[in-house]
>>> print(open('final-v3.cif').read())   # mmCIF, C-alpha atoms; chains and numbers go by the auth columns
data_work
#
loop_
_atom_site.group_PDB
_atom_site.id
_atom_site.type_symbol
_atom_site.label_atom_id
_atom_site.label_comp_id
_atom_site.label_asym_id
_atom_site.label_seq_id
_atom_site.Cartn_x
_atom_site.Cartn_y
_atom_site.Cartn_z
_atom_site.B_iso_or_equiv
_atom_site.auth_seq_id
_atom_site.auth_asym_id
ATOM 1 C CA MET A 1 59.509 101.288 16.065 0.00 1 C
ATOM 2 C CA ARG A 2 57.664 102.701 19.056 0.00 2 C
ATOM 3 C CA THR A 3 55.051 100.794 21.000 0.00 3 C
ATOM 4 C CA ILE A 4 52.201 101.541 23.382 0.00 4 C
ATOM 5 C CA LEU A 5 51.841 99.463 26.559 0.00 5 C
ATOM 6 C CA VAL A 6 48.449 98.754 28.137 0.00 6 C
ATOM 7 C CA GLN A 7 48.530 97.422 31.686 0.00 7 C
ATOM 8 C CA THR A 8 46.052 96.596 34.432 0.00 8 C
ATOM 9 C CA GLU A 9 46.369 99.001 37.357 0.00 9 C
ATOM 10 C CA ALA A 10 46.898 96.475 40.159 0.00 10 C
ATOM 11 C CA PRO A 11 50.009 94.316 39.658 0.00 11 C
ATOM 12 C CA GLY A 12 50.053 90.739 40.855 0.00 12 C
ATOM 13 C CA PRO A 13 47.988 87.623 40.067 0.00 13 C
ATOM 14 C CA GLY A 14 45.532 88.282 37.275 0.00 14 C
ATOM 15 C CA SER A 15 47.356 91.356 36.041 0.00 15 C
ATOM 16 C CA SER A 16 48.251 91.653 32.383 0.00 16 C
ATOM 17 C CA THR A 17 50.280 93.821 30.013 0.00 17 C
ATOM 18 C CA LEU A 18 49.699 94.147 26.301 0.00 18 C
ATOM 19 C CA GLU A 19 52.012 95.737 23.746 0.00 19 C
ATOM 20 C CA ILE A 20 50.602 97.561 20.708 0.00 20 C
ATOM 21 C CA ARG A 21 52.878 98.374 17.810 0.00 21 C
ATOM 22 C CA PRO A 22 52.254 101.516 15.728 0.00 22 C
ATOM 23 C CA GLY A 23 49.395 101.062 13.294 0.00 23 C
ATOM 24 C CA ARG A 24 47.856 98.238 15.352 0.00 24 C
ATOM 25 C CA GLU A 25 44.853 98.401 17.680 0.00 25 C
ATOM 26 C CA ILE A 26 43.320 96.409 20.510 0.00 26 C
ATOM 27 C CA SER A 27 39.798 96.212 21.905 0.00 27 C
ATOM 28 C CA PHE A 28 38.999 96.284 25.622 0.00 28 C
ATOM 29 C CA GLY A 29 35.953 95.511 27.736 0.00 29 C
ATOM 30 C CA ARG A 30 34.338 92.703 29.689 0.00 30 C
ATOM 31 C CA GLY A 31 34.163 90.443 26.642 0.00 31 C
ATOM 32 C CA ASP A 32 32.469 87.068 26.310 0.00 32 C
ATOM 33 C CA VAL A 33 32.527 84.034 24.009 0.00 33 C
ATOM 34 C CA ALA A 34 30.422 85.772 21.375 0.00 34 C
ATOM 35 C CA ALA A 35 32.304 89.099 21.662 0.00 35 C
ATOM 36 C CA PRO A 36 35.941 88.446 22.651 0.00 36 C
ATOM 37 C CA VAL A 37 38.286 91.358 23.376 0.00 37 C
ATOM 38 C CA ASP A 38 42.066 91.687 23.312 0.00 38 C
ATOM 39 C CA PHE A 39 42.319 93.269 26.771 0.00 39 C
ATOM 40 C CA PRO A 40 39.631 91.900 29.128 0.00 40 C
ATOM 41 C CA LEU A 41 38.462 93.918 32.140 0.00 41 C
ATOM 42 C CA ARG A 42 36.923 91.688 34.804 0.00 42 C
ATOM 43 C CA HIS A 43 34.194 93.974 36.103 0.00 43 C
ATOM 44 C CA PRO A 44 30.430 93.343 35.720 0.00 44 C
ATOM 45 C CA GLY A 45 29.767 97.032 35.184 0.00 45 C
ATOM 46 C CA VAL A 46 31.902 97.274 32.032 0.00 46 C
ATOM 47 C CA SER A 47 30.462 96.832 28.536 0.00 47 C
ATOM 48 C CA ARG A 48 31.426 93.683 26.681 0.00 48 C
ATOM 49 C CA ARG A 49 33.157 95.852 24.085 0.00 49 C
ATOM 50 C CA ALA A 50 33.906 99.160 25.805 0.00 50 C
ATOM 51 C CA GLY A 51 36.456 100.680 23.481 0.00 51 C
ATOM 52 C CA VAL A 52 39.427 100.463 21.138 0.00 52 C
ATOM 53 C CA ILE A 53 42.992 101.762 21.493 0.00 53 C
ATOM 54 C CA ARG A 54 45.096 102.371 18.386 0.00 54 C
ATOM 55 C CA ALA A 55 48.840 103.052 18.606 0.00 55 C
ATOM 56 C CA VAL A 56 50.233 105.915 16.508 0.00 56 C
ATOM 57 C CA GLU A 57 53.989 106.423 17.052 0.00 57 C
ATOM 58 C CA ASP A 58 54.331 108.427 20.324 0.00 58 C
ATOM 59 C CA TYR A 59 50.618 108.886 21.038 0.00 59 C
ATOM 60 C CA TRP A 60 47.425 106.849 20.828 0.00 60 C
ATOM 61 C CA LEU A 61 43.800 107.070 19.778 0.00 61 C
ATOM 62 C CA LEU A 62 40.861 106.067 21.933 0.00 62 C
ATOM 63 C CA THR A 63 37.471 105.041 20.559 0.00 63 C
ATOM 64 C CA ASN A 64 34.513 104.763 22.949 0.00 64 C
ATOM 65 C CA LEU A 65 32.173 101.967 21.846 0.00 65 C
ATOM 66 C CA SER A 66 29.718 102.520 24.697 0.00 66 C
ATOM 67 C CA ARG A 67 26.242 103.871 24.012 0.00 67 C
ATOM 68 C CA SER A 68 25.956 105.717 27.328 0.00 68 C
ATOM 69 C CA ALA A 69 29.218 105.762 29.344 0.00 69 C
ATOM 70 C CA THR A 70 31.833 108.502 29.025 0.00 70 C
ATOM 71 C CA LEU A 71 35.449 107.356 29.349 0.00 71 C
ATOM 72 C CA VAL A 72 37.833 109.586 31.327 0.00 72 C
ATOM 73 C CA VAL A 73 41.569 109.659 30.623 0.00 73 C
ATOM 74 C CA GLU A 74 43.662 111.100 33.470 0.00 74 C
ATOM 75 C CA ASN A 75 47.277 112.243 33.494 0.00 75 C
ATOM 76 C CA PRO A 76 48.629 110.834 36.800 0.00 76 C
ATOM 77 C CA GLU A 77 51.878 112.775 36.381 0.00 77 C
ATOM 78 C CA GLY A 78 50.210 116.122 35.771 0.00 78 C
ATOM 79 C CA GLY A 79 48.272 118.661 37.773 0.00 79 C
ATOM 80 C CA GLY A 80 44.852 117.163 37.374 0.00 80 C
ATOM 81 C CA GLU A 81 44.695 117.174 33.579 0.00 81 C
ATOM 82 C CA PHE A 82 42.133 114.848 32.079 0.00 82 C
ATOM 83 C CA LEU A 83 40.074 114.472 28.943 0.00 83 C
ATOM 84 C CA LYS A 84 36.638 112.994 28.383 0.00 84 C
ATOM 85 C CA VAL A 85 35.763 110.702 25.506 0.00 85 C
ATOM 86 C CA PRO A 86 31.955 110.671 25.108 0.00 86 C
ATOM 87 C CA PRO A 87 29.911 107.692 23.892 0.00 87 C
ATOM 88 C CA GLY A 88 30.507 106.944 20.227 0.00 88 C
ATOM 89 C CA ARG A 89 33.558 109.205 19.928 0.00 89 C
ATOM 90 C CA ALA A 90 35.992 107.679 17.443 0.00 90 C
ATOM 91 C CA ALA A 91 39.794 107.988 17.432 0.00 91 C
ATOM 92 C CA ALA A 92 40.168 110.696 20.106 0.00 92 C
ATOM 93 C CA PRO A 93 43.919 111.543 20.325 0.00 93 C
ATOM 94 C CA VAL A 94 45.441 111.196 23.799 0.00 94 C
ATOM 95 C CA PRO A 95 48.541 113.378 24.352 0.00 95 C
ATOM 96 C CA PHE A 96 49.726 111.970 27.696 0.00 96 C
ATOM 97 C CA GLU A 97 52.875 109.828 27.866 0.00 97 C
ATOM 98 C CA PHE A 98 51.403 108.076 30.911 0.00 98 C
ATOM 99 C CA ALA A 99 47.635 107.835 31.317 0.00 99 C
ATOM 100 C CA ARG A 100 44.954 106.198 33.411 0.00 100 C
ATOM 101 C CA VAL A 101 41.714 105.225 31.644 0.00 101 C
ATOM 102 C CA VAL A 102 38.738 105.317 34.018 0.00 102 C
ATOM 103 C CA LEU A 103 35.560 103.421 33.167 0.00 103 C
ATOM 104 C CA PRO A 104 32.456 104.451 35.160 0.00 104 C
ATOM 105 C CA VAL A 105 31.038 101.595 37.236 0.00 105 C
ATOM 106 C CA ALA A 106 28.370 101.496 39.940 0.00 106 C
ATOM 107 C CA GLU A 107 30.505 99.712 42.532 0.00 107 C
ATOM 108 C CA GLY A 108 34.247 99.722 43.101 0.00 108 C
ATOM 109 C CA SER A 109 36.460 101.005 40.324 0.00 109 C
ATOM 110 C CA CYS A 110 37.694 99.902 36.924 0.00 110 C
ATOM 111 C CA THR A 111 40.825 101.478 35.494 0.00 111 C
ATOM 112 C CA PHE A 112 43.858 100.546 33.441 0.00 112 C
ATOM 113 C CA LEU A 113 47.118 102.262 32.521 0.00 113 C
ATOM 114 C CA VAL A 114 48.515 103.217 29.136 0.00 114 C
ATOM 115 C CA PHE A 115 52.209 103.986 28.599 0.00 115 C
ATOM 116 C CA ALA A 116 53.031 105.832 25.378 0.00 116 C
ATOM 117 C CA SER A 117 56.502 106.312 23.953 0.00 117 C
ATOM 118 C CA GLN A 118 58.515 109.295 25.124 0.00 118 C
ATOM 119 C CA HIS A 119 57.457 112.371 23.187 0.00 119 C
ATOM 120 C CA SER A 120 59.751 114.082 20.704 0.00 120 C
ATOM 121 C CA TYR A 121 60.941 117.653 21.304 0.00 121 C
ATOM 122 C CA ILE A 122 62.742 120.275 19.281 0.00 122 C
ATOM 123 C CA ASP A 123 66.198 121.502 20.323 0.00 123 C
ATOM 124 C CA LEU A 124 65.601 124.473 22.622 0.00 124 C
ATOM 125 C CA ASP A 125 69.339 124.953 23.215 0.00 125 C
ATOM 126 C CA ALA A 126 69.792 126.389 19.736 0.00 126 C
ATOM 127 C CA PRO A 127 70.835 130.096 19.710 0.00 127 C
ATOM 128 C CA GLU A 128 67.885 132.468 19.772 0.00 128 C
ATOM 129 C CA SER A 129 67.692 135.674 17.770 0.00 129 C
ATOM 130 C CA THR A 130 68.849 138.639 19.867 0.00 130 C
ATOM 131 C CA SER A 131 67.402 141.351 17.644 0.00 131 C
ATOM 132 C CA GLY A 132 64.545 143.470 18.982 0.00 132 C
ATOM 133 C CA GLU A 133 63.080 143.617 22.459 0.00 133 C
ATOM 134 C CA PRO A 134 63.343 140.534 24.696 0.00 134 C
ATOM 135 C CA THR A 135 60.227 138.455 25.266 0.00 135 C
ATOM 136 C CA LEU A 136 58.534 139.204 28.571 0.00 136 C
ATOM 137 C CA SER A 137 57.967 136.258 30.903 0.00 137 C
ATOM 138 C CA ALA A 138 54.284 135.487 31.485 0.00 138 C
ATOM 139 C CA PHE A 139 54.843 134.369 35.087 0.00 139 C
ATOM 140 C CA SER A 140 58.080 135.345 36.797 0.00 140 C
ATOM 141 C CA VAL A 141 58.431 133.292 39.975 0.00 141 C
ATOM 142 C CA ASP A 142 61.456 132.701 42.195 0.00 142 C
ATOM 143 C CA GLU A 143 61.575 129.033 43.189 0.00 143 C
ATOM 144 C CA SER A 144 63.838 129.856 46.145 0.00 144 C
ATOM 145 C CA ALA A 145 61.340 132.306 47.674 0.00 145 C
ATOM 146 C CA LYS A 146 58.991 131.492 50.537 0.00 146 C
ATOM 147 C CA TYR A 147 55.962 132.485 48.480 0.00 147 C
ATOM 148 C CA PHE A 148 56.853 129.671 46.070 0.00 148 C
ATOM 149 C CA LEU A 149 56.888 127.167 48.943 0.00 149 C
ATOM 150 C CA VAL A 150 53.408 128.388 49.858 0.00 150 C
ATOM 151 C CA LEU A 151 52.323 127.824 46.262 0.00 151 C
ATOM 152 C CA VAL A 152 53.773 124.297 46.220 0.00 152 C
ATOM 153 C CA ALA A 153 51.986 123.482 49.499 0.00 153 C
ATOM 154 C CA LEU A 154 48.699 124.676 47.978 0.00 154 C
ATOM 155 C CA CYS A 155 49.224 122.465 44.916 0.00 155 C
ATOM 156 C CA GLU A 156 50.438 119.375 46.795 0.00 156 C
ATOM 157 C CA PRO A 157 47.102 117.511 47.123 0.00 157 C
ATOM 158 C CA ARG A 158 46.396 117.815 43.390 0.00 158 C
ATOM 159 C CA LEU A 159 49.942 116.797 42.472 0.00 159 C
ATOM 160 C CA ARG A 160 49.764 113.678 44.638 0.00 160 C
ATOM 161 C CA ASP A 161 46.260 112.755 43.442 0.00 161 C
ATOM 162 C CA CYS A 162 45.100 114.320 40.181 0.00 162 C
ATOM 163 C CA SER A 163 41.457 113.588 41.012 0.00 163 C
ATOM 164 C CA SER A 164 41.632 115.426 44.352 0.00 164 C
ATOM 165 C CA SER A 165 39.594 118.610 44.765 0.00 165 C
ATOM 166 C CA VAL A 166 41.213 119.556 48.083 0.00 166 C
ATOM 167 C CA ILE A 167 42.624 123.088 48.412 0.00 167 C
ATOM 168 C CA PRO A 168 44.623 123.423 51.667 0.00 168 C
ATOM 169 C CA THR A 169 43.519 126.117 54.098 0.00 169 C
ATOM 170 C CA VAL A 170 45.959 128.675 55.495 0.00 170 C
ATOM 171 C CA PRO A 171 46.388 126.761 58.799 0.00 171 C
ATOM 172 C CA GLU A 172 47.046 123.561 56.809 0.00 172 C
ATOM 173 C CA VAL A 173 49.675 125.327 54.668 0.00 173 C
ATOM 174 C CA LEU A 174 51.287 126.689 57.825 0.00 174 C
ATOM 175 C CA GLU A 175 51.375 123.243 59.407 0.00 175 C
ATOM 176 C CA ARG A 176 52.810 121.698 56.222 0.00 176 C
ATOM 177 C CA LEU A 177 55.629 124.241 56.010 0.00 177 C
ATOM 178 C CA GLU A 178 56.628 124.453 59.667 0.00 178 C
ATOM 179 C CA ARG A 179 59.084 121.556 59.257 0.00 179 C
ATOM 180 C CA VAL A 180 60.649 122.974 56.076 0.00 180 C
ATOM 181 C CA PRO A 181 64.043 124.636 56.698 0.00 181 C
ATOM 182 C CA GLY A 182 63.723 128.404 56.876 0.00 182 C
ATOM 183 C CA CYS A 183 59.969 128.356 57.474 0.00 183 C
ATOM 184 C CA ALA A 184 59.848 127.895 61.232 0.00 184 C
ATOM 185 C CA ASP A 185 59.108 131.591 61.714 0.00 185 C
ATOM 186 C CA LEU A 186 56.161 131.643 59.287 0.00 186 C
ATOM 187 C CA THR A 187 52.922 132.944 60.760 0.00 187 C
ATOM 188 C CA ARG A 188 49.348 132.778 59.582 0.00 188 C
ATOM 189 C CA ALA A 189 49.535 136.452 58.614 0.00 189 C
ATOM 190 C CA ALA A 190 52.689 135.782 56.588 0.00 190 C
ATOM 191 C CA VAL A 191 51.062 132.913 54.680 0.00 191 C
ATOM 192 C CA ASN A 192 48.072 135.142 53.919 0.00 192 C
ATOM 193 C CA PHE A 193 50.473 137.841 52.693 0.00 193 C
ATOM 194 C CA HIS A 194 52.271 135.397 50.367 0.00 194 C
ATOM 195 C CA ILE A 195 48.951 134.140 48.957 0.00 195 C
ATOM 196 C CA ASP A 196 47.781 137.684 48.300 0.00 196 C
ATOM 197 C CA TYR A 197 51.167 138.586 46.747 0.00 197 C
ATOM 198 C CA LEU A 198 51.000 135.577 44.446 0.00 198 C
ATOM 199 C CA ALA A 199 47.427 136.388 43.431 0.00 199 C
ATOM 200 C CA ARG A 200 47.961 140.093 42.811 0.00 200 C
ATOM 201 C CA THR A 201 51.531 140.340 41.532 0.00 201 C
ATOM 202 C CA LYS A 202 52.984 137.041 40.404 0.00 202 C
ATOM 203 C CA LEU A 203 50.170 135.002 38.869 0.00 203 C
ATOM 204 C CA ARG A 204 47.696 137.901 38.505 0.00 204 C
ATOM 205 C CA VAL A 205 44.583 135.804 39.013 0.00 205 C
ATOM 206 C CA LYS A 206 41.146 137.319 38.665 0.00 206 C
ATOM 207 C CA GLU A 207 38.438 137.154 41.278 0.00 207 C
ATOM 208 C CA ALA A 208 35.492 134.911 40.582 0.00 208 C
ATOM 209 C CA SER A 209 32.178 136.707 40.989 0.00 209 C
ATOM 210 C CA GLY A 210 30.419 135.896 44.238 0.00 210 C
ATOM 211 C CA ALA A 211 33.353 133.956 45.712 0.00 211 C
ATOM 212 C CA ARG A 212 34.891 134.633 49.096 0.00 212 C
ATOM 213 C CA LYS A 213 38.396 136.078 48.896 0.00 213 C
ATOM 214 C CA ALA A 214 40.114 133.312 50.869 0.00 214 C
ATOM 215 C CA ASP A 215 38.507 130.638 48.712 0.00 215 C
ATOM 216 C CA TRP A 216 38.882 132.094 45.240 0.00 216 C
ATOM 217 C CA GLN A 217 42.501 133.176 45.670 0.00 217 C
ATOM 218 C CA ARG A 218 43.760 129.772 46.764 0.00 218 C
ATOM 219 C CA ALA A 219 41.696 127.886 44.174 0.00 219 C
ATOM 220 C CA ALA A 220 42.718 130.246 41.361 0.00 220 C
ATOM 221 C CA LEU A 221 46.415 130.029 42.276 0.00 221 C
ATOM 222 C CA VAL A 222 46.347 126.237 42.186 0.00 222 C
ATOM 223 C CA SER A 223 44.504 126.250 38.858 0.00 223 C
ATOM 224 C CA VAL A 224 46.966 128.616 37.135 0.00 224 C
ATOM 225 C CA ALA A 225 50.090 127.061 38.657 0.00 225 C
ATOM 226 C CA LEU A 226 49.168 123.545 37.536 0.00 226 C
ATOM 227 C CA ARG A 227 47.737 124.554 34.162 0.00 227 C
ATOM 228 C CA PHE A 228 50.974 126.260 33.094 0.00 228 C
ATOM 229 C CA ASP A 229 53.376 123.851 34.891 0.00 229 C
ATOM 230 C CA LEU A 230 54.665 126.539 37.241 0.00 230 C
ATOM 231 C CA VAL A 231 54.515 123.860 39.936 0.00 231 C
ATOM 232 C CA THR A 232 55.163 120.239 39.003 0.00 232 C
ATOM 233 C CA GLU A 233 55.653 116.971 40.838 0.00 233 C
ATOM 234 C CA HIS A 234 59.413 117.440 41.203 0.00 234 C
ATOM 235 C CA HIS A 235 58.816 120.620 43.236 0.00 235 C
ATOM 236 C CA LEU A 236 57.357 118.474 46.032 0.00 236 C
ATOM 237 C CA THR A 237 60.926 117.730 47.131 0.00 237 C
ATOM 238 C CA LEU A 238 61.089 121.347 48.336 0.00 238 C
ATOM 239 C CA LEU A 239 58.519 120.491 51.004 0.00 239 C
ATOM 240 C CA ASP A 240 60.741 117.683 52.248 0.00 240 C
ATOM 241 C CA GLY A 241 63.604 120.066 52.896 0.00 241 C
#
>>> encode(input="final-v3.cif", output="structure tokens")
Amino acid sequence: MRTILVQTEAPGPGSSTLEIRPGREISFGRGDVAAPVDFPLRHPGVSRRAGVIRAVEDYWLLTNLSRSATLVVENPEGGGEFLKVPPGRAAAPVPFEFARVVLPVAEGSCTFLVFASQHSYIDLDAPESTSGEPTLSAFSVDESAKYFLVLVALCEPRLRDCSSSVIPTVPEVLERLERVPGCADLTRAAVNFHIDYLARTKLRVKEASGARKADWQRAALVSVALRFDLVTEHHLTLLDG
């Protein structure tokens, strides 16, 4: 049987972990004597009964009991993916294996972590039919090329902090890559060339109306690369040489 783990974000004194077996559910919120909850959150800005989590095999369902607050579920291991669960929404499925639930509060922060079971996958090593024309790759990128290092450097802030909105500038990309083996000779013009090459040829991003070229290209590249997992957290090791 698979279980879901719910854990307070900050380990140490006062931290707690709760296990939910499939088919079971727990309530969370500030709680009180008249309205106890299974997983208490000690923050005055949280509703007494803020929501309910129900375990379903390798995923979970989130119900928002608040009348006004939207709950946000982030994927800390992804490229900024998140989903919003509006007030009153019942049994919203959460697909992330590892998630951070963010409750809006006026001061400080209130979050907790949810660990789902490892997802199941089909066997992709099985022989594929060779009849007909081969399937064309949507995005053909060479992970050993310098343009890919530029792309990873652009995505780094979002990969390290999924809530970050920072898009590195060309000088910042140049500074980040100057210590990477093989990149000592990179110039600002070369970084601009790689960004333009990625935008026009590799990822084929489209210009946003009214946006400046330097801004829209970098933002669009980060968006596409993270959305389709062209750059993931493990690629950050490339920046460390």
>>> resolve_selection(input="final-v3.cif", expression="the PyMOL selection byres ((chain C and resi 20-35) around 10)", output="mmCIF file with C-alpha atoms, in the coordinates of the input")
data_model
loop_
_atom_site.group_PDB
_atom_site.id
_atom_site.type_symbol
_atom_site.label_atom_id
_atom_site.label_comp_id
_atom_site.auth_asym_id
_atom_site.auth_seq_id
_atom_site.Cartn_x
_atom_site.Cartn_y
_atom_site.Cartn_z
ATOM 1 C CA MET C 1 59.509 101.288 16.065
ATOM 2 C CA ARG C 2 57.664 102.701 19.056
ATOM 3 C CA THR C 3 55.051 100.794 21.000
ATOM 4 C CA ILE C 4 52.201 101.541 23.382
ATOM 5 C CA LEU C 5 51.841 99.463 26.559
ATOM 6 C CA VAL C 6 48.449 98.754 28.137
ATOM 7 C CA LEU C 18 49.699 94.147 26.301
ATOM 8 C CA GLU C 19 52.012 95.737 23.746
ATOM 9 C CA PRO C 36 35.941 88.446 22.651
ATOM 10 C CA VAL C 37 38.286 91.358 23.376
ATOM 11 C CA ASP C 38 42.066 91.687 23.312
ATOM 12 C CA PHE C 39 42.319 93.269 26.771
ATOM 13 C CA PRO C 40 39.631 91.900 29.128
ATOM 14 C CA LEU C 41 38.462 93.918 32.140
ATOM 15 C CA ARG C 42 36.923 91.688 34.804
ATOM 16 C CA HIS C 43 34.194 93.974 36.103
ATOM 17 C CA PRO C 44 30.430 93.343 35.720
ATOM 18 C CA GLY C 45 29.767 97.032 35.184
ATOM 19 C CA VAL C 46 31.902 97.274 32.032
ATOM 20 C CA SER C 47 30.462 96.832 28.536
ATOM 21 C CA ARG C 48 31.426 93.683 26.681
ATOM 22 C CA ARG C 49 33.157 95.852 24.085
ATOM 23 C CA ALA C 50 33.906 99.160 25.805
ATOM 24 C CA GLY C 51 36.456 100.680 23.481
ATOM 25 C CA VAL C 52 39.427 100.463 21.138
ATOM 26 C CA ILE C 53 42.992 101.762 21.493
ATOM 27 C CA ARG C 54 45.096 102.371 18.386
ATOM 28 C CA ALA C 55 48.840 103.052 18.606
ATOM 29 C CA VAL C 56 50.233 105.915 16.508
ATOM 30 C CA GLU C 57 53.989 106.423 17.052
ATOM 31 C CA ASP C 58 54.331 108.427 20.324
ATOM 32 C CA TYR C 59 50.618 108.886 21.038
ATOM 33 C CA TRP C 60 47.425 106.849 20.828
ATOM 34 C CA LEU C 61 43.800 107.070 19.778
ATOM 35 C CA LEU C 62 40.861 106.067 21.933
ATOM 36 C CA THR C 63 37.471 105.041 20.559
ATOM 37 C CA ASN C 64 34.513 104.763 22.949
ATOM 38 C CA LEU C 65 32.173 101.967 21.846
ATOM 39 C CA SER C 66 29.718 102.520 24.697
ATOM 40 C CA LEU C 103 35.560 103.421 33.167
ATOM 41 C CA ALA C 116 53.031 105.832 25.378
#
>>> closest_residue(input="final-v3.cif", among="C:Asp215, C:Glu207, C:Glu77, C:Asp240", to="C:Val166", atoms="only C-alpha atoms")
C:Asp215
>>> residues_near_point(input="final-v3.cif", point="(51.3, 114.1, 39.8)", cutoff="9 Å", atoms="all atoms listed in the file", output="PyMOL selection string")
chain C and resi 75-80+156+158-162+232-234
>>> axis_aligned_box(input="final-v3.cif", around="stretch 35-48 of chain C", padding_each_side="5 Å", output="AutoDock Vina command-line options")
--center_x 36.0 --center_y 92.9 --center_z 28.9 --size_x 22.6 --size_y 18.8 --size_z 24.4
>>> residues_around(input="final-v3.cif", residues="C:Tyr147", least_positions_apart="3", cutoff="12 Å", atoms="only C-alpha atoms", output="list in words")
Val141, Asp142, Glu143, Ser144, Val150, Leu151, Val152, Ala153, Leu154, Val173, Leu174, Leu177, Cys183, Leu186, Ala190, Val191, Asn192, Phe193, His194, Ile195, Asp196, Tyr197, Leu198, Ala199, Thr201, Lys202, Leu203 and Leu221 of chain C
>>> atom_distance(input="final-v3.cif", atom1="atom CA of C:Glu9", atom2="atom CA of C:Arg100")
8.3 Å
>>> residues_around(input="final-v3.cif", residues="stretch 83-89 of chain C", least_positions_apart="2", cutoff="7 Å", atoms="all atoms listed in the file", output="JSON, numbers by chain")
{"C": [63, 64, 65, 66, 67, 68, 69, 70, 71, 72, 73, 74, 91, 92]}
>>> resolve_selection(input="final-v3.cif", expression="the PyMOL selection byres ((chain C and resi 181) around 12)", output="ChimeraX atom specification")
/C:144,146,149,176-180,182-186,238-241
>>> atom_distance(input="final-v3.cif", atom1="atom CA of C:Val101", atom2="atom CA of C:His235")
25.8 Å
